[in-house]
Amino acid sequence: MTVPELGEIFELKAELNSDKKEKKKEAVKKVIASMTVGKDVSALFPDVVNCMQTDNLELKKLVYLYLMNYAKSQPDMAIMAVNTFVKDCEDPNPLIRALAVRTMGCIRVDKITEYLCEPLRKCLKDEDPYVRKTAAVCVAKLHDINAQLVEDQGFLDTLKDLISDSNPMVVANAVAALSEIAESHPSSNLLDLNPQSINKLLTALNECTEWGQIFILDCLANYTPKDDREAQSICERVTPRLSHANSAVVLSAVKVLMKFMEMLSKDLDYYGTLLKKLAPPLVTLLSAEPELQYVALRNINLIVQKRPEILKHEMKVFFVKYNDPIYVKLEKLDIMIRLASQANIAQVLAELKEYATEVDVDFVRKAVRAIGRCAIKVEQSAERCVSTLLDLIQTKVNYVVQEAIVVIKDIFRKYPNKYESVIATLCENLDSLDEPEARAAMIWIVGEYAERIDNADELLESFLEGFHDESTQVQLQLLTAIVKLFLKKPTETQELVQQVLSLATQDSDNPDLRDRGYIYWRLLSTDPVAAKEVVLAEKPLISEETDLIEPTLLDELICYIGTLASVYHKPPSAFVEGGRGVVHKSLPPRTASSESTESPETAPAGAPSGEQPDVIPAQGDLLGDLLNLDLGPPVSGPPLTTSSVQMGAVDLLGGGLDSLIGGPNFVTPPAATVPANLGAPMGSGLSDLFDLTSGVGTLSGSYVAPKAIWLPAMKAKGLEILGTFTRQVGSISMDLQLTNKALQVMTDFAIQFNRNSFGLAPAAPLQVHAPLSPNQTVEISLPLNTVGSVMKMEPLNNLQVAVKNNIDVFYFSTLYPLHILFVEDGKMDRQIFLATWKDIPNENEAQFQIRDCPLSAEAVSSRLQSSNIFTVAKRNVEGQDMLYQSLKLTNGIWVLAELRIQPGNPNFMLSLKCRAPEVSQHVYQAYETILKN
Amino acid sequence: MHFFVLCGIDLASSLGPGPDEVVAQEKAADVENVPPVISTPHHYLISIYRDKLFFVSVIQTEVPPLFVIEFLHRVADTFQDYFGECSEAAIKDNVVIVYELLEEMLDNGFPLATESNILKELIKPPTILRSVVNSITGSSNVGDTLPTGQLSNIPWRRAGVKYTNNEAYFDVVEEIDAIIDKSGSTVFAEIQGVIDACIKLSGMPDLSLSFMNPRLLDDVSFHPCIRFKRWESERVLSFIPPDGNFRLISYRVSSQNLVAIPVYVKHSISFKENSSCGRFDITIGPKQNMGKTIEGITVTVHMPKVVLNMNLTPTQGSYTFDPVTKVLTWDVGKITPQKLPSLKGLVNLQSGAPKPEENPSLNIQFKIQQLAISGLKVNRLDMYGEKYKPFKGVKYVTKAGKFQVRT
């Protein structure tokens with residue numbers, strides 16, 4: 001800020017005190033002009049305030065401008081203006097009344113706000129709607145300065161009354177003010193919407209200005225209709241807004257529709273109509289100015305993930321024009337890949353190839369990457385994509401080659417043993433790679449296909465020379481690749497592996513690298529066969545879409561369409577600054593009526609393991625983390641950096657090491673087998689590592705219900721059977737208690753199961769060693785397996801049993817708890833979890849409430865884990881704990897769960913997704929049983 | 001680079017380091033590629049870039065960005081409207097009016113009056129004549145009564161409008177956006193159409209505009225004055241118009257078979273390996289032009305960086321090549337089918353540099369008078385509510401929008 005010269009101030013002072021009105025006005029104008037260019041003209045405060053008493057509106061406005069700017073630095077002087085303000089609030093001209101109350105609200109001086117209350121109260125009830133609408137906004141301003149004052153004075157109630165005002169602009173401003181106040185008071189029920197007030201808002205929506213429409217639409221979006229009919233009727237009244245010329249109105253309307261659509265059944269005709277109506281306005285947004293396009297594209301990105309069907313025919317509008325700004329180009333590209341399908345892949349590829357020859361480096365890179373993603377997403381196009389990538393490698397443009405190699409690595413992962421013929425071409429470009437990601441990818445390829453590359457050892461050795469100058473990513477990859485090479489060609493590469501192990505363990509400061517080095521070293525030195533199984537294990541296939549937004553986050557972001565959150569793809573809590581609380585929003589649940597009717601075509605529950613999604617490996621996920629953490633396809637995951645970092649770490653230690661070390665087949669080598677030269681620091685490092693397992697090591701087996709009477713004595717000629725099911729360390733058994741209540745001895749016991757949903761069958765004959773005398777009881781544990789014949793039962797977990805003895809054959813049926821079928825390797829990899837969750841259609845999702853369970857998230861997680869329900873990830877959203885869990889049934893069916901726990905609230909929300917939705921109900925019961933006992 | 005930072009006055013003082021500095025650091029080199037939403041440690045900056053000026057708005061809480069962007073464009077429109085141009089000089093010369101306008105347009109983040117009709121009643125636009133008159137008579141350029149439109153259900157129109165000649169003109173303007181690939185086939189094409197109106201009618205006229213073929217319009221955005229229900233049921237645009245110039249509707253026609261491509265380009269651009277020259281040859285011809293003359297043709301080409309200079313001969317029009325920006329502009333003029341315009345010659349490349357990988361895209365501009373390429377035709381305009389007979393007129397024009405030919 002500069003200070004004007006003294007002479008200038010004097011001159012202005014004289015002019016301000018002039019008798020001539022015109023001169024005064026010109027002087028104030030000069031003062032304002034100096035003020036706007038940053039000169040400090042606060043010294044003129046009293047002189048300017050003196051000009052306030054005037055009937056000239058322009059002069060008055062100028063003085064008000066000045067006041068707003070300097071009142072804060074001259075609070076005592078500002079008091080001088082109060083009287084005029086109060087007087088102006090009663091002026092016959094509504095323009096002046098409104099102006100006065102508006103300006104007073106902008107002066108953030110405590111003493112002035114005290115005087116503001118009375119005039120404001122009057123203005124809120126002014127006969128002129130122009131004054132009322134201005135006063136409504138003023139309440140929000142005052143609330144920001146002194147919230148308590150606003151509440152004490154009852155302004156909030158007056159504001160609520162204004163929602164029923166006859167003038168639509170007043171309604172809109174009242175809504176806007178209330179929304180703003182509610183933002184800083186998330187818990188208050190300021191905008192307590194009910195069908196009546198909604199109706200008033202919808203009426204005002206049609207008549208108020210475009211800006212008012214935005215406020216009202218944003219407010220409507222926070223309402224949860226009571227059922228699908230109300231949702232539909234609101235949607236019907238909001239759809240005309242999609243044709244508004246103001247893009248912000250359009251996007252706010254889209255938000256309301258996207259949110260309420262969630263409540264509509266897909267069978268409704270209206271649902272289809274609505275889907276059709278959404279596409280044109282979204283496309284139209286793309287013909288606006290680039291800034292609008294950008295925001296629109298970020299939102300379309302979300303919409304396409306949530307409901308791909310809306311824009312599936314509109315691929316072409318996302319084609320890139322060469323003079324689009326780069327930020328628009330990159331967004332368009334992202335959406336193109338999301339929309340790519342078998343139907344349009346040829347066009348998409350032709351475009352991508354075009355883009356890969358453009359000038360802008362960032363864009364070209366992304367285009368090359370996109371070609372790889374197409375290959376992974378649309379299998380039919382893989383071959384064409386690979387050949388396109390090879391063409392691009394031939395251009396020898398450095399960054400194109402590097403990107404191409406990175407994506408080809410992913411293609412290898414997705415289609416193993418299909419395109420390895422291109423390896424030779426890749427190797428030719430080894431020397432030109434200077435980016436860590438490309439180097440790591442190339443090293444991975446060399447290690448993975450070491451047996452087919454004659455000079456693999458030379459290639460890897462060449463990287464080893466500058467080991468310490470490489471980035472961690474490359475170092476880790478090099479370590480793994482050389483160990484792979486050693487396991488494949490042990491004779492020639494012993495020296496190389498020694499070298500890399502010592503580089504990694506002794507000369508590196510990086511704990512990740514050291515730990516991985518130690519593990520390999522110990523594996524190789526204790527049990528090379530196990531090492532082979534671990535290092536060369538079959539890798540999990542990578543999933544199609546790797547950068548999807550986590551489903552709950554996506555649902556939350558859908559509620560924030562059109563806001564900053566939608567541009568950043570983060571929930572507001574992640575970035576909105578200051579103490580302002582943010583309400584956690586979620587999509588409304590579908591109404592109960594439509595839910596129950598939506599049972600999709602029934603896949604037999606006992607279906608063979610073909611049911612299992614093919615992206616999930618048999619057991620590789622334990623190792624997947626360890627081997628591929630640094631090389632997995634780009635994962636955006638939840639963009640909250642802090643939490644994702646944390647989770648990454650947990651994954652490595654929790655998922656990878658624990659299961660590796662604590663797993664049943666792994667014998668912890670005695671400390672003596674640790675190579676002697678490793679020294680002391682390493683020993684302690686290792687013991688730390690092993691400590692980690694203790695928590696998991698004490699698995700107690702899953703919950704066992706008390707025995708119940710299955711067969712009463714009356715029905716079985718004196719034989720009473722009580723029983724229950726258990727699962728311990730991977731084996732299921734049926735614990736029976738047989739009592740002889742007859743008067744004769746019972747012998748020759750045998751048992752048989754009818755065919756059942758999961759193929760449960762006795763694994764051994766029923767062995768009752770001695771004859772059972774009258775009143776004698778015997779306890780037997782009958783081991784079961786799941787290889788029996790399968791037939792779908794009703795209910796699913798019904799088991800029909802026949803028991804024979806020397807007297808007769810007796811039949812009974814019992815229900816077994818589903819959790820005895822949850823297998824031990826039911827922990828899904830996080831990325832696969834994400835992709836699978838997305839992949840399973842929404843209609844397969846079932847929601848349940850678990851009531852009155854007082855456990856904390858940690859307790860829940862560990863209790864469930866002992867019954868083989870595994871927590872894949874945990875996230876805390878606005879105080880709620882979200883547990884993402886997976887479990888696998890003995891027949892290979894995966895069930896994915898999201899458990900939402902609010903501290904202090906004993907009722908949990910459980911969402912289950914499964915390709916065989918019939919099991920959901922039973923899984924829910926299992927949850928109930930495990931958590932409540 | 002110049003900025004116009006829009007924010008509350010007291011906020012400006014609390015900002016600390018100027019937000020403009022942050023943006024300037026962000027990407028000083030390439031102004032057009034500054035993303036419209038930027039986060040800084042304490043604020044969000046939402047900006048638009050128009051007429052070589054950044055309009056920046058500083059945000060502290062969650063606000064819909066489109067809301068801000070739309071508003072910023074409205075501010076720029078208003079400056080354009082008031083000062084005849086939206087430039088740094090105009091803003092500096094009229095800083096007090098700018099201040100007054102912003103005060104009317106925005107109150108604590110809530111837009112107040114953004115309709116040009118209302119603003120002009122509140123604050124009179126500066127004219128040389130008025131400033132002379134004002135300084136003689138001492139009258140003000142701020143209206144002291146509440147604008148009538150401000151609160152009525154038709155906020156876009158002021159009361160008491162009077163004209164001696166009552167006129168209503170409509171311009172149907174269609175722009176063709178297209179991407180044509182190397183072989184000349186259409187990759188993507190659509191029509192962005194608008195109907196701009198200039199209405200100078202006295203009183204409160206109620207207009208109905210109908211089309212011969214309203215079915216063409218299935219993706220339309222309306223000015224708030226249009227009665228949506230009438231359109232839904234009868235496909236008639238029924239409205240009480242704002243006074244003066246405004247955009248009545250904008251629409252999009254995208255189904256491929258409706259979008260005619262009026263010109264074709266034959267091109268051959270080649271660079272020889274290991275030599276410092278290349279050949280450039282393009283010819284433009286008419287295609288699907290409905291028998292109308294195509295005029296105002298301009299071809300713009302961003303040549304690759306290694307191009308030093310171009311030595312070309314046009315058969316008509318004139319060309320320029322800017323060796324700094326590497327932009328070739330060929331001002332062609334009209335196409336006469338007897339002799340198709342062409343531009344050919346040599347390209348000089350930087351010696352020793354590898355031959356360019358990318359082929360330049362051609363950007364084509366053209367104009368066809370008296371034609372709406374989609375075939376849209378106005379049927380009739382009826383006026384109710386007033387007694388006089390207005391003079392009515394409709395004009396059609398088709399232009400190239402983002403019309404690109406890949407080579």
# chains A, B, ... in the order shown; residues from 1 in each chain; ligands from 1

call {"tool": "interface_residues", "arguments": {"of": "chain A", "to": "chain B", "cutoff": "7 Å", "atoms": "only C-alpha atoms", "output": "PyMOL selection string"}}
result
chain A and resi 22+29+32-33+57-58+69+95+130+207+211+243-245+247-248+280+291-292+295+316+325-327+357-359+562-564+576

call {"tool": "residues_around", "arguments": {"residues": "Leu274 of chain A", "least_positions_apart": "3", "cutoff": "10 Å", "atoms": "only C-alpha atoms", "output": "list of chain:residue names"}}
result
A:Gln232, A:Cys235, A:Glu236, A:Thr239, A:Leu257, A:Met258, A:Met261, A:Asp269, A:Tyr270, A:Tyr271, A:Lys277, A:Leu278, A:Ala279, A:Ile310

call {"tool": "atom_distance", "arguments": {"atom1": "atom CA of Ala204 of chain A", "atom2": "atom CA of Leu264 of chain A"}}
result
24.9 Å

call {"tool": "select_by_dssp", "arguments": {"residues": "segment 466-587 of chain A", "states": "helix (DSSP H, G or I)", "output": "compact mmCIF listing (two decimals) with N, CA and C atoms, in the first residue's frame"}}
result
# COMPACT_ATOMS: atom_id res chain seq x y z
N PHE A 467 23.15 -48.63 -9.10
CA PHE A 467 22.05 -48.97 -8.20
C PHE A 467 21.67 -47.83 -7.26
N HIS A 468 22.65 -47.21 -6.66
CA HIS A 468 22.34 -46.22 -5.64
C HIS A 468 21.83 -44.90 -6.20
N ASP A 469 22.00 -44.73 -7.50
CA ASP A 469 21.48 -43.49 -8.09
C ASP A 469 20.04 -43.66 -8.56
N THR A 472 13.81 -45.30 -5.64
CA THR A 472 13.39 -46.47 -4.85
C THR A 472 12.60 -47.46 -5.70
N GLN A 473 11.71 -46.90 -6.50
CA GLN A 473 10.87 -47.74 -7.34
C GLN A 473 11.72 -48.68 -8.19
N VAL A 474 12.75 -48.10 -8.80
CA VAL A 474 13.60 -48.90 -9.68
C VAL A 474 14.41 -49.89 -8.85
N GLN A 475 14.92 -49.44 -7.70
CA GLN A 475 15.73 -50.34 -6.86
C GLN A 475 14.92 -51.56 -6.43
N LEU A 476 13.71 -51.32 -5.96
CA LEU A 476 12.87 -52.43 -5.51
C LEU A 476 12.62 -53.40 -6.65
N GLN A 477 12.35 -52.84 -7.79
CA GLN A 477 12.02 -53.67 -8.93
C GLN A 477 13.24 -54.48 -9.37
N LEU A 478 14.38 -53.84 -9.31
CA LEU A 478 15.61 -54.50 -9.73
C LEU A 478 15.90 -55.67 -8.79
N LEU A 479 15.71 -55.44 -7.52
CA LEU A 479 15.91 -56.49 -6.53
C LEU A 479 15.03 -57.69 -6.84
N THR A 480 13.74 -57.42 -7.02
CA THR A 480 12.82 -58.52 -7.29
C THR A 480 13.16 -59.21 -8.61
N ALA A 481 13.48 -58.41 -9.62
CA ALA A 481 13.75 -58.99 -10.93
C ALA A 481 14.98 -59.91 -10.87
N ILE A 482 16.00 -59.49 -10.14
CA ILE A 482 17.21 -60.33 -10.09
C ILE A 482 16.93 -61.61 -9.30
N VAL A 483 16.14 -61.49 -8.26
CA VAL A 483 15.79 -62.71 -7.52
C VAL A 483 14.99 -63.65 -8.42
N LYS A 484 14.08 -63.09 -9.20
CA LYS A 484 13.33 -63.93 -10.15
C LYS A 484 14.28 -64.62 -11.11
N LEU A 485 15.20 -63.82 -11.63
CA LEU A 485 16.16 -64.35 -12.58
C LEU A 485 16.95 -65.50 -11.95
N PHE A 486 17.37 -65.30 -10.70
CA PHE A 486 18.16 -66.31 -10.01
C PHE A 486 17.35 -67.61 -9.87
N LEU A 487 16.10 -67.47 -9.54
CA LEU A 487 15.28 -68.66 -9.35
C LEU A 487 15.04 -69.38 -10.67
N LYS A 488 15.10 -68.62 -11.75
CA LYS A 488 14.88 -69.26 -13.05
C LYS A 488 16.16 -69.83 -13.62
N PRO A 490 19.47 -70.43 -11.88
CA PRO A 490 20.31 -70.31 -10.69
C PRO A 490 21.80 -70.44 -10.97
N THR A 491 22.17 -71.23 -11.96
CA THR A 491 23.59 -71.51 -12.11
C THR A 491 24.42 -70.29 -12.47
N GLU A 492 23.92 -69.49 -13.42
CA GLU A 492 24.79 -68.41 -13.92
C GLU A 492 24.68 -67.13 -13.09
N THR A 493 23.70 -67.06 -12.21
CA THR A 493 23.42 -65.73 -11.68
C THR A 493 23.63 -65.60 -10.18
N GLN A 494 24.32 -66.58 -9.59
CA GLN A 494 24.50 -66.56 -8.15
C GLN A 494 25.21 -65.29 -7.69
N GLU A 495 26.18 -64.93 -8.43
CA GLU A 495 26.98 -63.76 -8.06
C GLU A 495 26.12 -62.49 -8.09
N LEU A 496 25.33 -62.41 -9.15
CA LEU A 496 24.48 -61.23 -9.34
C LEU A 496 23.50 -61.07 -8.18
N VAL A 497 22.92 -62.20 -7.76
CA VAL A 497 21.92 -62.11 -6.72
C VAL A 497 22.57 -61.74 -5.39
N GLN A 498 23.77 -62.29 -5.15
CA GLN A 498 24.52 -61.92 -3.94
C GLN A 498 24.74 -60.41 -3.91
N GLN A 499 25.14 -59.94 -5.07
CA GLN A 499 25.49 -58.53 -5.19
C GLN A 499 24.27 -57.65 -4.88
N VAL A 500 23.14 -57.99 -5.48
CA VAL A 500 21.98 -57.12 -5.28
C VAL A 500 21.46 -57.23 -3.84
N LEU A 501 21.55 -58.42 -3.26
CA LEU A 501 21.08 -58.57 -1.89
C LEU A 501 21.94 -57.74 -0.95
N SER A 502 23.23 -57.75 -1.20
CA SER A 502 24.05 -56.98 -0.27
C SER A 502 23.87 -55.48 -0.50
N LEU A 503 23.67 -55.11 -1.77
CA LEU A 503 23.41 -53.69 -2.05
C LEU A 503 22.14 -53.24 -1.32
N ALA A 504 21.13 -54.11 -1.38
CA ALA A 504 19.84 -53.72 -0.82
C ALA A 504 19.87 -53.71 0.69
N THR A 505 20.57 -54.68 1.29
CA THR A 505 20.47 -54.81 2.75
C THR A 505 21.53 -54.00 3.47
N GLN A 506 22.70 -53.89 2.87
CA GLN A 506 23.79 -53.27 3.63
C GLN A 506 24.02 -51.82 3.28
N PRO A 511 14.26 -48.35 4.34
CA PRO A 511 13.76 -49.52 5.07
C PRO A 511 12.97 -50.49 4.19
N ASP A 512 12.20 -49.97 3.26
CA ASP A 512 11.45 -50.86 2.38
C ASP A 512 12.39 -51.79 1.63
N LEU A 513 13.41 -51.17 1.11
CA LEU A 513 14.35 -51.92 0.29
C LEU A 513 15.08 -52.95 1.15
N ARG A 514 15.52 -52.51 2.33
CA ARG A 514 16.24 -53.43 3.23
C ARG A 514 15.36 -54.60 3.62
N ASP A 515 14.14 -54.28 4.02
CA ASP A 515 13.24 -55.35 4.46
C ASP A 515 13.00 -56.35 3.35
N ARG A 516 12.77 -55.82 2.17
CA ARG A 516 12.51 -56.75 1.08
C ARG A 516 13.75 -57.59 0.81
N GLY A 517 14.90 -56.95 0.89
CA GLY A 517 16.15 -57.67 0.68
C GLY A 517 16.30 -58.79 1.69
N TYR A 518 16.06 -58.48 2.97
CA TYR A 518 16.18 -59.49 4.03
C TYR A 518 15.24 -60.66 3.79
N ILE A 519 14.03 -60.32 3.43
CA ILE A 519 13.06 -61.40 3.24
C ILE A 519 13.50 -62.34 2.14
N TYR A 520 13.93 -61.76 1.02
CA TYR A 520 14.40 -62.61 -0.07
C TYR A 520 15.59 -63.44 0.39
N TRP A 521 16.48 -62.79 1.08
CA TRP A 521 17.70 -63.46 1.52
C TRP A 521 17.36 -64.66 2.40
N ARG A 522 16.50 -64.42 3.36
CA ARG A 522 16.12 -65.49 4.27
C ARG A 522 15.38 -66.60 3.52
N LEU A 523 14.51 -66.19 2.62
CA LEU A 523 13.80 -67.19 1.84
C LEU A 523 14.77 -68.06 1.06
N LEU A 524 15.69 -67.39 0.39
CA LEU A 524 16.61 -68.13 -0.46
C LEU A 524 17.52 -69.02 0.36
N SER A 525 17.90 -68.51 1.54
CA SER A 525 18.87 -69.30 2.31
C SER A 525 18.21 -70.42 3.09
N THR A 526 16.93 -70.32 3.38
CA THR A 526 16.32 -71.39 4.15
C THR A 526 15.60 -72.40 3.26
N PRO A 528 14.72 -72.69 -0.73
CA PRO A 528 14.61 -72.19 -2.11
C PRO A 528 13.30 -72.60 -2.77
N VAL A 529 12.77 -73.74 -2.37
CA VAL A 529 11.50 -74.16 -2.99
C VAL A 529 10.38 -73.20 -2.60
N ALA A 530 10.38 -72.88 -1.30
CA ALA A 530 9.38 -71.92 -0.85
C ALA A 530 9.62 -70.57 -1.53
N ALA A 531 10.89 -70.23 -1.66
CA ALA A 531 11.21 -68.95 -2.31
C ALA A 531 10.61 -68.91 -3.70
N LYS A 532 10.73 -70.01 -4.38
CA LYS A 532 10.21 -70.07 -5.74
C LYS A 532 8.69 -69.89 -5.71
N GLU A 533 8.08 -70.56 -4.74
CA GLU A 533 6.62 -70.43 -4.67
C GLU A 533 6.19 -69.00 -4.38
N VAL A 534 7.00 -68.35 -3.56
CA VAL A 534 6.63 -66.99 -3.19
C VAL A 534 6.93 -66.01 -4.31
N VAL A 535 8.15 -66.05 -4.78
CA VAL A 535 8.58 -65.01 -5.73
C VAL A 535 7.98 -65.22 -7.11
N PRO A 551 -16.29 -46.47 -4.31
CA PRO A 551 -17.74 -46.32 -4.47
C PRO A 551 -18.42 -45.37 -3.47
N THR A 552 -18.06 -45.46 -2.20
CA THR A 552 -18.74 -44.55 -1.26
C THR A 552 -18.33 -43.11 -1.52
N LEU A 553 -17.06 -42.93 -1.86
CA LEU A 553 -16.61 -41.57 -2.14
C LEU A 553 -17.34 -41.05 -3.38
N LEU A 554 -17.49 -41.93 -4.37
CA LEU A 554 -18.19 -41.52 -5.59
C LEU A 554 -19.62 -41.10 -5.25
N ASP A 555 -20.29 -41.91 -4.46
CA ASP A 555 -21.66 -41.57 -4.09
C ASP A 555 -21.69 -40.23 -3.36
N GLU A 556 -20.69 -40.01 -2.53
CA GLU A 556 -20.68 -38.74 -1.81
C GLU A 556 -20.44 -37.59 -2.79
N LEU A 557 -19.51 -37.80 -3.71
CA LEU A 557 -19.20 -36.73 -4.66
C LEU A 557 -20.39 -36.42 -5.56
N ILE A 558 -21.18 -37.45 -5.86
CA ILE A 558 -22.37 -37.21 -6.68
C ILE A 558 -23.27 -36.18 -5.97
N LEU A 564 -16.94 -27.20 -5.66
CA LEU A 564 -15.48 -27.37 -5.72
C LEU A 564 -15.11 -28.83 -5.51
N ALA A 565 -15.83 -29.48 -4.61
CA ALA A 565 -15.53 -30.89 -4.33
C ALA A 565 -15.57 -31.71 -5.61
N SER A 566 -16.50 -31.38 -6.49
CA SER A 566 -16.62 -32.17 -7.71
C SER A 566 -15.47 -31.86 -8.67
N VAL A 567 -14.90 -30.68 -8.54
CA VAL A 567 -13.77 -30.34 -9.40
C VAL A 567 -12.51 -31.04 -8.90
N TYR A 568 -12.38 -31.11 -7.58
CA TYR A 568 -11.19 -31.74 -7.02
C TYR A 568 -11.36 -33.23 -6.78
N PRO A 572 -15.59 -32.34 0.62
CA PRO A 572 -15.24 -31.02 1.12
C PRO A 572 -14.44 -31.10 2.43
N SER A 573 -14.70 -32.12 3.25
CA SER A 573 -13.99 -32.20 4.51
C SER A 573 -12.49 -32.29 4.28
N ALA A 574 -12.10 -32.73 3.09
CA ALA A 574 -10.68 -32.92 2.84
C ALA A 574 -9.98 -31.62 2.51

call {"tool": "atom_distance", "arguments": {"atom1": "atom CA of Ala147 of chain A", "atom2": "atom CA of Leu202 of chain A"}}
result
29.1 Å

call {"tool": "atom_distance", "arguments": {"atom1": "atom CA of Ala197 of chain B", "atom2": "atom CA of Leu209 of chain B"}}
result
11.4 Å

call {"tool": "residues_around", "arguments": {"residues": "segment 313-317 of chain B", "least_positions_apart": "4", "cutoff": "10 Å", "atoms": "only C-alpha atoms", "output": "ChimeraX atom specification"}}
result
/B:281-283,297-298,330-335,339-346

call {"tool": "select_by_dssp", "arguments": {"residues": "segment 726-901 of chain A", "states": "strand (DSSP E)", "output": "number ranges by chain"}}
result
A: 726-728, 731-740, 750-753, 761-762, 777-785, 798-804, 809-815, 845-850, 870-877, 880-888, 894-901

call {"tool": "residues_around", "arguments": {"residues": "Met290 of chain B", "least_positions_apart": "5", "cutoff": "10 Å", "atoms": "only C-alpha atoms", "output": "list in words"}}
result
Ala260, Pro262, Ile368, Leu371 and Ile373 of chain B

call {"tool": "write_last_selection", "arguments": {"atoms": "C-alpha atoms", "output": "compact mmCIF listing (two decimals), in the first residue's frame"}}
result
# COMPACT_ATOMS: atom_id res chain seq x y z
CA ALA B 260 -23.59 -30.74 -43.97
CA PRO B 262 -19.78 -27.06 -46.95
CA ILE B 368 -22.37 -18.45 -45.78
CA LEU B 371 -28.42 -20.00 -44.96
CA ILE B 373 -27.10 -25.11 -42.57

call {"tool": "residues_around", "arguments": {"residues": "Arg227 of chain B", "least_positions_apart": "3", "cutoff": "7 Å", "atoms": "only C-alpha atoms", "output": "count of residues only"}}
result
4
